[in-house]
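Structure data (mmCIF, C-alpha atoms) from my_file-v9.cif:
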```cif
data_my_file
#
loop_
_atom_site.label_atom_id
_atom_site.label_comp_id
_atom_site.auth_asym_id
_atom_site.auth_seq_id
_atom_site.Cartn_x
_atom_site.Cartn_y
_atom_site.Cartn_z
CA MET A 1 -33.40 38.77 6.23
CA SER A 2 -31.62 38.92 9.56
CA PHE A 3 -27.94 38.16 9.59
CA HIS A 4 -28.22 36.88 13.12
CA SER A 5 -30.95 34.42 12.47
CA PRO A 6 -30.46 31.31 14.59
CA MET A 7 -31.03 29.41 11.37
CA THR A 8 -27.62 30.34 10.08
CA GLU A 9 -25.76 30.95 13.34
CA ALA A 10 -26.28 27.56 14.93
CA PRO A 11 -22.95 25.98 15.85
CA PRO A 12 -22.16 22.73 14.05
CA LEU A 13 -23.30 19.57 15.81
CA ASP A 14 -20.79 16.76 16.11
CA PRO A 15 -21.96 13.22 15.26
CA PRO A 16 -22.30 11.88 18.84
CA LEU A 17 -24.42 14.88 19.80
CA GLN A 18 -26.54 14.40 16.69
CA ALA A 19 -27.21 10.80 17.73
CA SER A 20 -28.19 11.79 21.26
CA LEU A 21 -30.56 14.43 19.91
CA ILE A 22 -32.24 11.80 17.74
CA ARG A 23 -32.63 9.62 20.82
CA ALA A 24 -34.28 12.52 22.67
CA VAL A 25 -36.70 12.95 19.76
CA ALA A 26 -37.46 9.22 19.76
CA GLU A 27 -37.89 8.79 23.49
CA ASN A 28 -39.42 12.10 24.57
CA ARG A 29 -40.77 13.74 21.43
CA ASP A 30 -38.28 16.44 22.38
CA LYS A 31 -39.00 19.47 20.19
CA ALA A 32 -35.97 21.41 21.39
CA ALA A 33 -33.71 18.55 20.29
CA PHE A 34 -35.58 18.41 17.00
CA GLY A 35 -35.06 22.16 16.57
CA ARG A 36 -31.30 21.78 16.91
CA LEU A 37 -31.26 18.98 14.37
CA PHE A 38 -33.44 21.05 12.06
CA ARG A 39 -31.19 24.11 12.27
CA HIS A 40 -28.19 21.96 11.45
CA PHE A 41 -29.54 19.67 8.77
CA ALA A 42 -32.43 21.41 7.02
CA PRO A 43 -30.24 24.15 5.45
CA ARG A 44 -27.71 21.54 4.32
CA VAL A 45 -30.43 19.37 2.79
CA LYS A 46 -31.80 22.43 1.02
CA ALA A 47 -28.31 23.25 -0.25
CA TYR A 48 -27.94 19.67 -1.49
CA LEU A 49 -31.22 19.85 -3.37
CA LEU A 50 -30.40 23.24 -4.87
CA ARG A 51 -27.02 21.95 -6.05
CA LEU A 52 -28.85 19.20 -7.88
CA GLY A 53 -31.03 21.67 -9.73
CA THR A 54 -34.20 21.45 -7.63
CA GLU A 55 -36.06 24.73 -7.82
CA SER A 56 -36.08 26.80 -4.65
CA ALA A 57 -39.68 26.23 -3.51
CA ALA A 58 -39.42 22.48 -4.02
CA ALA A 59 -36.04 22.37 -2.25
CA GLU A 60 -37.59 24.16 0.74
CA GLU A 61 -40.51 21.75 0.81
CA LEU A 62 -38.39 18.61 0.41
CA ALA A 63 -35.98 19.79 3.12
CA GLN A 64 -38.95 20.13 5.48
CA GLU A 65 -40.34 16.74 4.45
CA THR A 66 -36.94 15.21 5.11
CA MET A 67 -37.00 16.63 8.63
CA VAL A 68 -40.53 15.31 9.21
CA VAL A 69 -39.21 11.82 8.39
CA LEU A 70 -36.52 12.38 11.02
CA TRP A 71 -39.24 13.08 13.55
CA ARG A 72 -41.47 10.23 12.46
CA LYS A 73 -38.78 7.57 12.26
CA ALA A 74 -36.42 8.69 15.03
CA ALA A 75 -37.02 5.45 16.95
CA THR A 76 -35.98 3.36 13.95
CA PHE A 77 -32.58 5.06 13.72
CA ASP A 78 -29.77 2.66 14.58
CA PRO A 79 -26.49 4.43 15.37
CA ALA A 80 -24.60 1.16 14.87
CA GLN A 81 -25.48 1.19 11.18
CA ALA A 82 -24.93 4.78 10.14
CA SER A 83 -24.43 8.29 11.43
CA VAL A 84 -27.31 10.75 11.56
CA GLY A 85 -25.71 12.64 8.68
CA THR A 86 -25.71 9.54 6.48
CA TRP A 87 -29.30 8.79 7.44
CA VAL A 88 -30.37 12.32 6.57
CA PHE A 89 -28.51 12.10 3.27
CA THR A 90 -30.36 8.91 2.29
CA ILE A 91 -33.75 10.36 3.29
CA ALA A 92 -33.13 13.53 1.27
CA ARG A 93 -31.84 11.54 -1.69
CA ASN A 94 -34.93 9.33 -1.68
CA LYS A 95 -37.28 12.31 -1.33
CA ARG A 96 -35.67 13.88 -4.35
CA ILE A 97 -35.88 10.69 -6.39
CA ASP A 98 -39.53 10.15 -5.42
CA ARG A 99 -40.33 13.63 -6.62
CA LEU A 100 -38.50 13.19 -9.92
CA ARG A 101 -40.24 9.91 -10.53
CA ARG A 102 -43.62 11.39 -9.83
CA LEU A 103 -42.87 14.14 -12.34
CA GLN A 104 -41.68 11.71 -14.97
CA ARG A 105 -43.55 8.84 -16.46
CA PRO A 106 -43.11 6.28 -13.72
CA THR A 107 -41.87 2.93 -14.95
CA LEU A 108 -42.29 1.15 -11.65
CA ASP A 109 -44.19 1.96 -8.48
CA PRO A 110 -42.55 5.22 -7.38
CA GLU A 111 -43.08 4.25 -3.74
CA ASP A 112 -41.07 1.07 -4.05
CA PRO A 113 -37.92 1.48 -1.96
CA LEU A 114 -35.61 0.23 -4.64
CA LEU A 115 -32.80 2.28 -3.26
CA GLN A 116 -32.64 0.43 -0.01
CA PRO A 117 -30.02 -2.26 0.10
CA GLU A 118 -31.84 -5.52 0.59
CA SER A 119 -30.40 -6.75 3.80
CA ARG A 120 -28.32 -5.04 6.36
CA PRO A 121 -24.67 -5.97 6.74
CA ASP A 122 -23.41 -8.70 9.05
CA ALA A 123 -22.81 -8.08 12.72
CA ASP A 124 -19.04 -7.83 12.34
CA TRP A 125 -19.60 -5.22 9.72
CA LEU A 126 -21.61 -3.16 12.17
CA PHE A 127 -18.59 -2.92 14.40
CA TYR A 128 -16.72 -1.56 11.44
CA GLY A 129 -19.76 0.56 10.64
CA ALA A 130 -19.44 2.49 13.86
CA GLN A 131 -16.02 3.68 12.72
CA ARG A 132 -16.82 3.84 9.04
CA GLU A 133 -17.39 7.54 8.82
CA GLU A 134 -14.26 8.51 10.66
CA ARG A 135 -12.23 6.34 8.31
CA LEU A 136 -14.00 7.68 5.29
CA ARG A 137 -13.49 11.22 6.46
CA ARG A 138 -9.76 10.62 6.71
CA ALA A 139 -9.69 8.77 3.39
CA LEU A 140 -11.51 11.66 1.71
CA LYS A 141 -9.08 14.16 3.20
CA SER A 142 -6.14 12.15 1.92
CA LEU A 143 -7.31 12.47 -1.69
CA PRO A 144 -5.62 14.99 -3.94
CA GLU A 145 -8.00 17.94 -4.41
CA GLU A 146 -8.58 17.14 -8.08
CA GLN A 147 -9.83 13.66 -7.13
CA ALA A 148 -11.96 14.92 -4.23
CA GLU A 149 -13.54 17.35 -6.68
CA VAL A 150 -14.75 14.64 -9.07
CA ILE A 151 -16.20 12.73 -6.10
CA ARG A 152 -18.15 15.82 -5.00
CA LEU A 153 -19.36 16.36 -8.53
CA ALA A 154 -20.50 12.76 -8.61
CA TYR A 155 -22.89 13.43 -5.73
CA PHE A 156 -23.85 17.02 -6.23
CA GLU A 157 -23.90 17.96 -9.87
CA GLU A 158 -26.70 17.08 -12.18
CA LYS A 159 -24.68 17.28 -15.29
CA ALA A 160 -23.85 15.02 -18.07
CA HIS A 161 -20.43 13.64 -18.15
CA ALA A 162 -19.32 15.79 -21.01
CA ALA A 163 -20.64 18.96 -19.36
CA ILE A 164 -18.60 18.28 -16.24
CA ALA A 165 -15.54 17.69 -18.36
CA SER A 166 -15.98 20.99 -20.14
CA GLU A 167 -16.69 22.83 -16.88
CA ILE A 168 -13.43 21.78 -15.35
CA ASP A 169 -11.83 22.04 -18.76
CA LEU A 170 -10.63 18.49 -19.05
CA PRO A 171 -11.07 15.76 -21.61
CA LEU A 172 -13.89 13.36 -20.78
CA GLY A 173 -11.51 10.44 -20.44
CA THR A 174 -9.56 12.34 -17.79
CA VAL A 175 -12.69 12.90 -15.71
CA LYS A 176 -13.54 9.22 -15.87
CA SER A 177 -10.04 8.08 -15.02
CA ARG A 178 -9.82 10.61 -12.20
CA LEU A 179 -12.99 9.23 -10.67
CA ARG A 180 -11.64 5.72 -11.01
CA LEU A 181 -8.37 6.74 -9.36
CA ALA A 182 -10.25 8.44 -6.53
CA LEU A 183 -12.39 5.35 -5.89
CA THR A 184 -9.39 3.02 -6.00
CA ARG A 185 -7.55 5.23 -3.58
CA LEU A 186 -10.51 5.49 -1.19
CA ARG A 187 -10.87 1.75 -1.19
CA ARG A 188 -7.17 1.20 -0.59
CA THR A 189 -7.11 3.66 2.30
CA LEU A 190 -10.14 2.01 3.90
CA ALA A 191 -8.62 -1.43 3.46
CA ALA A 192 -5.30 -0.33 4.95
CA GLU A 193 -7.05 1.20 7.95
CA GLY A 194 -9.05 -2.00 8.33
CA MET A 195 -5.76 -3.93 8.70
CA ASP A 196 -4.58 -1.49 11.35
CA GLN A 197 -7.71 -2.19 13.34
CA ALA A 198 -7.42 -5.94 13.14
CA MET B 1 -18.92 -14.69 -3.07
CA THR B 2 -19.59 -13.31 -6.50
CA THR B 3 -16.72 -13.35 -8.93
CA HIS B 4 -18.16 -10.62 -11.13
CA PRO B 5 -19.29 -7.95 -8.64
CA ALA B 6 -20.89 -4.59 -9.36
CA PRO B 7 -18.21 -1.98 -10.12
CA ASP B 8 -17.65 0.91 -7.71
CA GLU B 9 -18.89 3.52 -10.19
CA LEU B 10 -22.23 1.76 -10.46
CA LEU B 11 -22.63 1.36 -6.68
CA LEU B 12 -21.66 4.97 -6.15
CA ALA B 13 -24.18 6.14 -8.73
CA HIS B 14 -26.87 4.08 -6.97
CA ALA B 15 -25.94 5.43 -3.53
CA ALA B 16 -25.80 8.99 -4.89
CA GLY B 17 -29.29 8.62 -6.35
CA GLY B 18 -28.11 9.09 -9.91
CA LEU B 19 -29.26 5.91 -11.59
CA ASP B 20 -32.29 5.25 -13.67
CA GLN B 21 -34.88 3.25 -11.74
CA LEU B 22 -34.34 0.04 -13.68
CA LEU B 23 -30.59 0.21 -13.19
CA SER B 24 -31.22 0.87 -9.51
CA LEU B 25 -33.30 -2.27 -9.49
CA ILE B 26 -30.49 -4.39 -10.87
CA VAL B 27 -27.95 -2.87 -8.43
CA ALA B 28 -30.26 -3.44 -5.45
CA SER B 29 -30.87 -7.00 -6.64
CA GLN B 30 -27.15 -7.66 -7.04
CA ALA B 31 -26.49 -6.33 -3.53
CA ALA B 32 -28.89 -8.94 -2.14
CA TYR B 33 -26.36 -11.59 -3.21
CA SER B 34 -23.20 -9.84 -2.12
CA GLU B 35 -22.11 -8.77 1.33
CA ASP B 36 -19.24 -6.91 -0.32
CA SER B 37 -21.61 -4.88 -2.50
CA ARG B 38 -23.74 -4.04 0.54
CA ARG B 39 -20.66 -2.85 2.39
CA ARG B 40 -19.61 -0.68 -0.49
CA LEU B 41 -23.12 0.76 -0.80
CA CYS B 42 -22.98 1.63 2.90
CA ASP B 43 -19.62 3.29 2.35
CA PHE B 44 -20.95 5.35 -0.54
CA GLU B 45 -24.01 6.39 1.44
CA ALA B 46 -21.74 7.39 4.30
CA LEU B 47 -19.64 9.37 1.83
CA GLY B 48 -22.81 11.19 0.78
CA GLY B 49 -23.45 11.95 4.46
CA LEU B 50 -19.97 13.39 4.90
CA LEU B 51 -20.26 15.51 1.77
CA LEU B 52 -23.68 16.77 2.91
CA GLU B 53 -22.08 18.05 6.12
CA GLU B 54 -19.50 19.95 4.08
CA LEU B 55 -22.06 21.90 2.05
CA GLU B 56 -22.53 25.59 2.60
CA PRO B 57 -25.97 25.75 4.31
CA ALA B 58 -28.84 27.36 2.37
CA PRO B 59 -31.13 29.06 4.93
CA LEU B 60 -34.75 28.04 4.96
CA ASP B 61 -37.56 30.56 4.78
CA GLU B 62 -38.18 32.70 7.83
CA GLY B 63 -40.31 30.84 10.36
CA ALA B 64 -39.93 27.44 8.66
CA LEU B 65 -38.95 25.68 11.88
CA GLU B 66 -41.75 27.23 13.93
CA THR B 67 -44.35 26.29 11.33
CA LEU B 68 -43.04 22.75 11.25
CA LEU B 69 -42.94 22.43 15.03
CA ASP B 70 -46.64 23.31 15.16
CA ARG B 71 -47.36 20.56 12.65
CA LEU B 72 -45.38 17.89 14.50
CA ASP B 73 -48.00 17.31 17.20
CA ALA B 74 -50.16 15.71 14.56
CA VAL B 75 -47.32 13.55 13.19
CA PRO B 76 -47.22 10.07 14.75
CA GLN B 77 -43.89 8.43 15.47
CA GLU B 78 -43.07 4.92 14.36
CA ALA B 79 -41.95 2.12 16.64
CA PRO B 80 -38.44 0.76 16.24
CA ALA B 81 -38.00 -1.43 13.20
CA ARG B 82 -38.24 -5.13 13.77
CA THR B 83 -36.47 -7.66 11.66
CA ALA B 84 -38.89 -8.83 9.03
CA ALA B 85 -39.73 -12.50 9.01
CA ALA B 86 -38.26 -14.50 6.18
CA PRO B 87 -40.77 -14.61 3.32
CA ALA B 88 -42.51 -17.86 2.51
CA PRO B 89 -40.91 -19.79 -0.33
CA ALA B 90 -42.34 -18.71 -3.65
CA GLU B 91 -44.52 -21.05 -5.64
CA ASP B 92 -42.17 -21.15 -8.57
CA GLY B 93 -39.27 -22.40 -6.46
CA PHE B 94 -36.89 -19.56 -7.35
CA ASP B 95 -35.08 -17.83 -4.51
CA LEU B 96 -35.06 -14.22 -5.72
CA PRO B 97 -33.90 -10.98 -4.07
CA PRO B 98 -36.90 -9.61 -2.13
CA VAL B 99 -36.81 -6.33 -4.07
CA LEU B 100 -37.35 -8.28 -7.27
CA ARG B 101 -39.85 -10.70 -5.77
CA ARG B 102 -42.06 -7.81 -4.60
CA LEU B 103 -42.13 -6.57 -8.14
CA LEU B 104 -42.71 -9.89 -9.86
CA GLY B 105 -45.22 -11.55 -7.57
CA ASP B 106 -45.33 -15.08 -6.22
CA ASP B 107 -45.09 -16.99 -9.42
CA LEU B 108 -42.81 -16.21 -12.32
CA ARG B 109 -44.82 -18.61 -14.45
CA SER B 110 -47.64 -16.08 -14.54
CA LEU B 111 -45.52 -13.45 -16.32
CA ALA B 112 -46.04 -12.76 -20.00
CA TRP B 113 -43.20 -14.91 -21.32
CA GLN B 114 -42.31 -14.60 -24.97
CA PRO B 115 -40.22 -17.18 -26.79
CA LEU B 116 -37.10 -15.62 -28.30
CA MET B 117 -35.71 -18.77 -29.83
CA ARG B 118 -35.70 -22.45 -28.99
CA GLY B 119 -34.90 -22.80 -25.27
CA VAL B 120 -34.88 -19.07 -24.53
CA ARG B 121 -37.80 -17.04 -23.21
CA SER B 122 -38.03 -13.51 -21.90
CA ALA B 123 -40.59 -11.44 -20.01
CA ASP B 124 -40.62 -7.66 -19.78
CA LEU B 125 -40.81 -6.35 -16.22
CA VAL B 126 -42.50 -3.19 -17.35
CA PRO B 127 -44.88 -3.85 -20.21
CA GLY B 128 -44.81 -1.23 -22.91
CA VAL B 129 -41.45 0.17 -21.97
CA ARG B 130 -39.95 -1.25 -25.11
CA GLU B 131 -41.78 1.29 -27.21
CA SER B 132 -40.69 4.18 -25.03
CA GLY B 133 -37.06 3.95 -26.09
CA GLY B 134 -35.89 4.17 -22.48
CA PRO B 135 -34.11 1.53 -20.47
CA ARG B 136 -35.76 -1.85 -20.53
CA ALA B 137 -35.73 -4.65 -17.95
CA ARG B 138 -36.44 -8.26 -18.77
CA LEU B 139 -36.20 -11.63 -17.16
CA MET B 140 -34.52 -14.13 -19.40
CA ARG B 141 -34.76 -17.86 -18.98
CA ILE B 142 -32.28 -20.02 -20.87
CA GLU B 143 -32.75 -23.79 -20.72
CA ALA B 144 -29.73 -25.85 -19.68
CA GLY B 145 -27.28 -26.31 -22.51
CA THR B 146 -28.88 -23.69 -24.74
CA ALA B 147 -26.84 -20.87 -26.20
CA VAL B 148 -28.47 -17.52 -26.89
CA ALA B 149 -27.99 -16.36 -30.44
CA ARG B 150 -25.03 -14.11 -30.90
CA HIS B 151 -26.07 -10.55 -30.29
CA SER B 152 -24.82 -7.09 -29.65
CA HIS B 153 -26.78 -4.08 -28.55
CA ARG B 154 -27.16 -0.42 -29.10
CA GLY B 155 -26.45 0.73 -25.55
CA ARG B 156 -25.10 -1.19 -22.62
CA GLU B 157 -26.52 -4.43 -21.38
CA PHE B 158 -26.47 -5.32 -17.68
CA THR B 159 -27.05 -8.98 -16.90
CA LEU B 160 -27.52 -10.29 -13.37
CA VAL B 161 -27.68 -14.03 -12.89
CA LEU B 162 -30.53 -14.96 -10.52
CA SER B 163 -30.35 -18.72 -10.77
CA GLY B 164 -28.25 -21.25 -12.65
CA ALA B 165 -25.21 -20.13 -14.62
CA TYR B 166 -23.99 -19.23 -18.08
CA SER B 167 -20.66 -18.75 -19.72
CA ASP B 168 -19.47 -16.72 -22.66
CA ALA B 169 -16.23 -15.16 -23.84
CA GLY B 170 -16.26 -12.93 -20.72
CA GLY B 171 -16.17 -15.89 -18.31
CA THR B 172 -18.59 -17.93 -16.24
CA PHE B 173 -21.43 -16.17 -14.43
CA GLY B 174 -23.40 -17.61 -11.51
CA PRO B 175 -26.00 -16.25 -9.07
CA GLY B 176 -25.19 -12.67 -8.05
CA ASP B 177 -22.69 -12.13 -10.87
CA LEU B 178 -23.19 -8.99 -12.92
CA GLN B 179 -21.96 -8.73 -16.50
CA ILE B 180 -21.86 -5.36 -18.18
CA SER B 181 -21.40 -5.38 -21.93
CA ASP B 182 -21.23 -2.34 -24.10
CA ALA B 183 -22.25 -2.00 -27.70
CA SER B 184 -18.94 -3.33 -28.94
CA VAL B 185 -19.35 -6.70 -27.22
CA ASP B 186 -20.69 -9.43 -29.40
CA HIS B 187 -21.53 -12.34 -27.17
CA ARG B 188 -23.18 -15.71 -27.14
CA PRO B 189 -23.99 -16.79 -23.58
CA ARG B 190 -24.64 -20.51 -23.03
CA ALA B 191 -26.50 -21.85 -20.00
CA ILE B 192 -24.30 -24.37 -18.22
CA GLY B 193 -25.09 -26.93 -15.55
CA SER B 194 -28.25 -28.97 -15.26
CA THR B 195 -30.77 -26.25 -14.38
CA PRO B 196 -32.15 -23.39 -16.46
CA CYS B 197 -30.35 -20.06 -16.15
CA LEU B 198 -32.57 -17.19 -15.02
CA CYS B 199 -31.23 -13.66 -15.49
CA LEU B 200 -32.38 -10.10 -15.02
CA VAL B 201 -31.31 -8.09 -18.06
CA VAL B 202 -31.43 -4.30 -18.23
CA THR B 203 -30.56 -2.58 -21.45
CA ASP B 204 -30.22 1.12 -21.70
CA ALA B 205 -30.77 2.97 -24.86
CA PRO B 206 -31.10 6.73 -25.10
CA LEU B 207 -30.16 7.94 -21.70
CA ARG B 208 -32.78 9.01 -19.25
CA LEU B 209 -31.45 9.90 -15.83
CA THR B 210 -33.22 10.56 -12.59
CA GLY B 211 -30.43 12.33 -10.93
CA PRO B 212 -26.86 13.32 -10.61
CA LEU B 213 -25.19 12.88 -13.72
CA GLY B 214 -23.72 11.05 -16.44
CA LEU B 215 -20.36 11.12 -14.73
CA LEU B 216 -21.27 8.01 -12.82
CA ASN B 217 -23.24 6.34 -15.45
CA PRO B 218 -20.88 3.68 -16.58
CA PHE B 219 -23.31 2.82 -19.32
CA LEU B 220 -22.96 6.22 -20.87
CA LYS B 221 -21.03 5.82 -24.05
CA SER B 222 -17.91 7.86 -23.73
CA ARG B 223 -15.54 8.80 -26.42
CA LEU B 224 -12.37 7.74 -24.70
#
```
Is it possible to give me this structure as structure tokens?
Amino acid sequence: MSFHSPMTEAPPLDPPLQASLIRAVAENRDKAAFGRLFRHFAPRVKAYLLRLGTESAAAEELAQETMVVLWRKAATFDPAQASVGTWVFTIARNKRIDRLRRLQRPTLDPEDPLLQPESRPDADWLFYGAQREERLRRALKSLPEEQAEVIRLAYFEEKAHAAIASEIDLPLGTVKSRLRLALTRLRRTLAAEGMDQA
Amino acid sequence: MTTHPAPDELLLAHAAGGLDQLLSLIVASQAAYSEDSRRRLCDFEALGGLLLEELEPAPLDEGALETLLDRLDAVPQEAPARTAAAPAPAEDGFDLPPVLRRLLGDDLRSLAWQPLMRGVRSADLVPGVRESGGPRARLMRIEAGTAVARHSHRGREFTLVLSGAYSDAGGTFGPGDLQISDASVDHRPRAIGSTPCLCLVVTDAPLRLTGPLGLLNPFLKSRL
């Protein structure tokens, strides 16, 4: 494998650029713009799937399928509601869940989009939504590392509770209370920033 | 405004894709009642997006992009989403979250209702799931003034009020309120008001997860 593959050397894309690339895909079927999005997101989606225990071939395939959705639904993307990164995360998450449900005995229609919140937030929330990620990013940074770690584990580790506790060598109760502390602190930081904005 | 909202851990687990499908159903249904829950779900999805950006990239196979680009010519693009029209009122008169209505059909009266006791009926959302030992979802209809027999359960029980209200030792629960009781809770909910109380009840038993972890599964029995 080449160490200078453009796949790994692509510079990071900041969120406003990501949104304008999506627009180019939507309006002009712009393959160059799609390529830049692919080089940025596909390897991260694959990493996400691998972290969650998806085997390599399936992770590769689901990462590609995620990017096809980006192409197909580019015109439905609304930058007022979420960043491209958040959108990609939800697509990848749903792809993974669909696959798991197809592999398991399905209890309900696996195609049913149960993971989609039923209605979108109010208009005033959308204003907040445009700044949501920046606030969250700061809130996440303000967490003590031990709390940030349990949040990351919550998204990226397919492990039972007890296994996580033993991995980071802590009693189960401590893991739970750490997560609770982290969530309380995130919420408080977001609320405080919300006041500043008002 | 719901007075018993979904807890952060449950919303996070839903947003992270770590909940069993039936628990996801009850969280999505609860969010239909609560602007606050929807906001928090958006926050937790955004958090997932931020964490995704932080991951060390895992390179795709050589030539993956080029192969995909060749395929894209054959992939149609969708038009921008339009706001869906409000659904027609259902025949049974209940105003249910759309996610639940899609699953249950136009008329709740056509479900396979089973009497549990005088004034209380239930219908399984997924027939046969009871035997599987996995999580189970039921609608429960309690006639006004009726109290459900005292009960406790093996795992956790998640109850979302869809219509009407009930009260028990944990408080009063109305539409959009979510009550989570663990095995130690011994309760006796009574339908209050003048209309029947309709609830979605999900009980988990032996754990079966679709995704990330027990860490977020608040229904996982921990030995605290």
- Message: Please report the interatomic distance between atom CA of A:Asn28 and atom CA of B:Gly63 in Å with one decimal.
- Response: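 Rounded to one decimal, the two atoms are 23.5 Å apart.
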- Taking only C-alpha atoms into account, which of A:Val68, A:Leu62, A:Ile91, A:Ala74 comes nearest B:Gly48?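 Of all the options, A:Ile91 lies closest to B:Gly48.
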- Message: Just to confirm, what's the straight-line distance from atom CA of B:Pro98 to atom CA of B:Ser29 in Å (one decimal)?
- Response: 8.0 Å
- Item | Distance criterion (only C-alpha atoms): nearest to A:Arg187 out of A:Val84, A:Ala47, A:Ile97, A:Leu136 | A:Leu136
- Message: So the first atom is atom CA of B:Gln77 and the second is atom CA of A:Gln131; what is the distance between them in Å, to one decimal place?
- Response: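 Between these atoms lies a distance of 28.4 Å.
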- the PyMOL selection byres ((chain B and resi 199) around 12) applied to the shown file, residues as a PyMOL selection string: chain B and resi 26+29-30+94+96+100+120-124+137-143+157-166+173-179+189+191+196-198+200-202
Writing out the chosen residues with C-alpha atoms as a PDB file, in the coordinates of the input:
```
ATOM      1  CA  ILE B  26     -30.490  -4.390 -10.870  1.00  0.00           C
ATOM      2  CA  SER B  29     -30.870  -7.000  -6.640  1.00  0.00           C
ATOM      3  CA  GLN B  30     -27.150  -7.660  -7.040  1.00  0.00           C
ATOM      4  CA  PHE B  94     -36.890 -19.560  -7.350  1.00  0.00           C
ATOM      5  CA  LEU B  96     -35.060 -14.220  -5.720  1.00  0.00           C
ATOM      6  CA  LEU B 100     -37.350  -8.280  -7.270  1.00  0.00           C
ATOM      7  CA  VAL B 120     -34.880 -19.070 -24.530  1.00  0.00           C
ATOM      8  CA  ARG B 121     -37.800 -17.040 -23.210  1.00  0.00           C
ATOM      9  CA  SER B 122     -38.030 -13.510 -21.900  1.00  0.00           C
ATOM     10  CA  ALA B 123     -40.590 -11.440 -20.010  1.00  0.00           C
ATOM     11  CA  ASP B 124     -40.620  -7.660 -19.780  1.00  0.00           C
ATOM     12  CA  ALA B 137     -35.730  -4.650 -17.950  1.00  0.00           C
ATOM     13  CA  ARG B 138     -36.440  -8.260 -18.770  1.00  0.00           C
ATOM     14  CA  LEU B 139     -36.200 -11.630 -17.160  1.00  0.00           C
ATOM     15  CA  MET B 140     -34.520 -14.130 -19.400  1.00  0.00           C
ATOM     16  CA  ARG B 141     -34.760 -17.860 -18.980  1.00  0.00           C
ATOM     17  CA  ILE B 142     -32.280 -20.020 -20.870  1.00  0.00           C
ATOM     18  CA  GLU B 143     -32.750 -23.790 -20.720  1.00  0.00           C
ATOM     19  CA  GLU B 157     -26.520  -4.430 -21.380  1.00  0.00           C
ATOM     20  CA  PHE B 158     -26.470  -5.320 -17.680  1.00  0.00           C
ATOM     21  CA  THR B 159     -27.050  -8.980 -16.900  1.00  0.00           C
ATOM     22  CA  LEU B 160     -27.520 -10.290 -13.370  1.00  0.00           C
ATOM     23  CA  VAL B 161     -27.680 -14.030 -12.890  1.00  0.00           C
ATOM     24  CA  LEU B 162     -30.530 -14.960 -10.520  1.00  0.00           C
ATOM     25  CA  SER B 163     -30.350 -18.720 -10.770  1.00  0.00           C
ATOM     26  CA  GLY B 164     -28.250 -21.250 -12.650  1.00  0.00           C
ATOM     27  CA  ALA B 165     -25.210 -20.130 -14.620  1.00  0.00           C
ATOM     28  CA  TYR B 166     -23.990 -19.230 -18.080  1.00  0.00           C
ATOM     29  CA  PHE B 173     -21.430 -16.170 -14.430  1.00  0.00           C
ATOM     30  CA  GLY B 174     -23.400 -17.610 -11.510  1.00  0.00           C
ATOM     31  CA  PRO B 175     -26.000 -16.250  -9.070  1.00  0.00           C
ATOM     32  CA  GLY B 176     -25.190 -12.670  -8.050  1.00  0.00           C
ATOM     33  CA  ASP B 177     -22.690 -12.130 -10.870  1.00  0.00           C
ATOM     34  CA  LEU B 178     -23.190  -8.990 -12.920  1.00  0.00           C
ATOM     35  CA  GLN B 179     -21.960  -8.730 -16.500  1.00  0.00           C
ATOM     36  CA  PRO B 189     -23.990 -16.790 -23.580  1.00  0.00           C
ATOM     37  CA  ALA B 191     -26.500 -21.850 -20.000  1.00  0.00           C
ATOM     38  CA  PRO B 196     -32.150 -23.390 -16.460  1.00  0.00           C
ATOM     39  CA  CYS B 197     -30.350 -20.060 -16.150  1.00  0.00           C
ATOM     40  CA  LEU B 198     -32.570 -17.190 -15.020  1.00  0.00           C
ATOM     41  CA  LEU B 200     -32.380 -10.100 -15.020  1.00  0.00           C
ATOM     42  CA  VAL B 201     -31.310  -8.090 -18.060  1.00  0.00           C
ATOM     43  CA  VAL B 202     -31.430  -4.300 -18.230  1.00  0.00           C
TER      44      VAL B 202
END
```
- Residues in the PyMOL selection byres ((chain A and resi 79) around 10), expressed as a list in words: Pro15, Pro16, Ala19, Ser20, Ile22, Arg23, Thr76, Phe77, Asp78, Ala80, Gln81, Ala82, Ser83, Val84, Trp87, Leu126, Gly129 and Ala130 of chain A
Restrict the selected residues to C-alpha atoms and save them as a PDB file, in the coordinates of the input.
```pdb
ATOM      1  CA  PRO A  15     -21.960  13.220  15.260  1.00  0.00           C
ATOM      2  CA  PRO A  16     -22.300  11.880  18.840  1.00  0.00           C
ATOM      3  CA  ALA A  19     -27.210  10.800  17.730  1.00  0.00           C
ATOM      4  CA  SER A  20     -28.190  11.790  21.260  1.00  0.00           C
ATOM      5  CA  ILE A  22     -32.240  11.800  17.740  1.00  0.00           C
ATOM      6  CA  ARG A  23     -32.630   9.620  20.820  1.00  0.00           C
ATOM      7  CA  THR A  76     -35.980   3.360  13.950  1.00  0.00           C
ATOM      8  CA  PHE A  77     -32.580   5.060  13.720  1.00  0.00           C
ATOM      9  CA  ASP A  78     -29.770   2.660  14.580  1.00  0.00           C
ATOM     10  CA  ALA A  80     -24.600   1.160  14.870  1.00  0.00           C
ATOM     11  CA  GLN A  81     -25.480   1.190  11.180  1.00  0.00           C
ATOM     12  CA  ALA A  82     -24.930   4.780  10.140  1.00  0.00           C
ATOM     13  CA  SER A  83     -24.430   8.290  11.430  1.00  0.00           C
ATOM     14  CA  VAL A  84     -27.310  10.750  11.560  1.00  0.00           C
ATOM     15  CA  TRP A  87     -29.300   8.790   7.440  1.00  0.00           C
ATOM     16  CA  LEU A 126     -21.610  -3.160  12.170  1.00  0.00           C
ATOM     17  CA  GLY A 129     -19.760   0.560  10.640  1.00  0.00           C
ATOM     18  CA  ALA A 130     -19.440   2.490  13.860  1.00  0.00           C
TER      19      ALA A 130
END
```
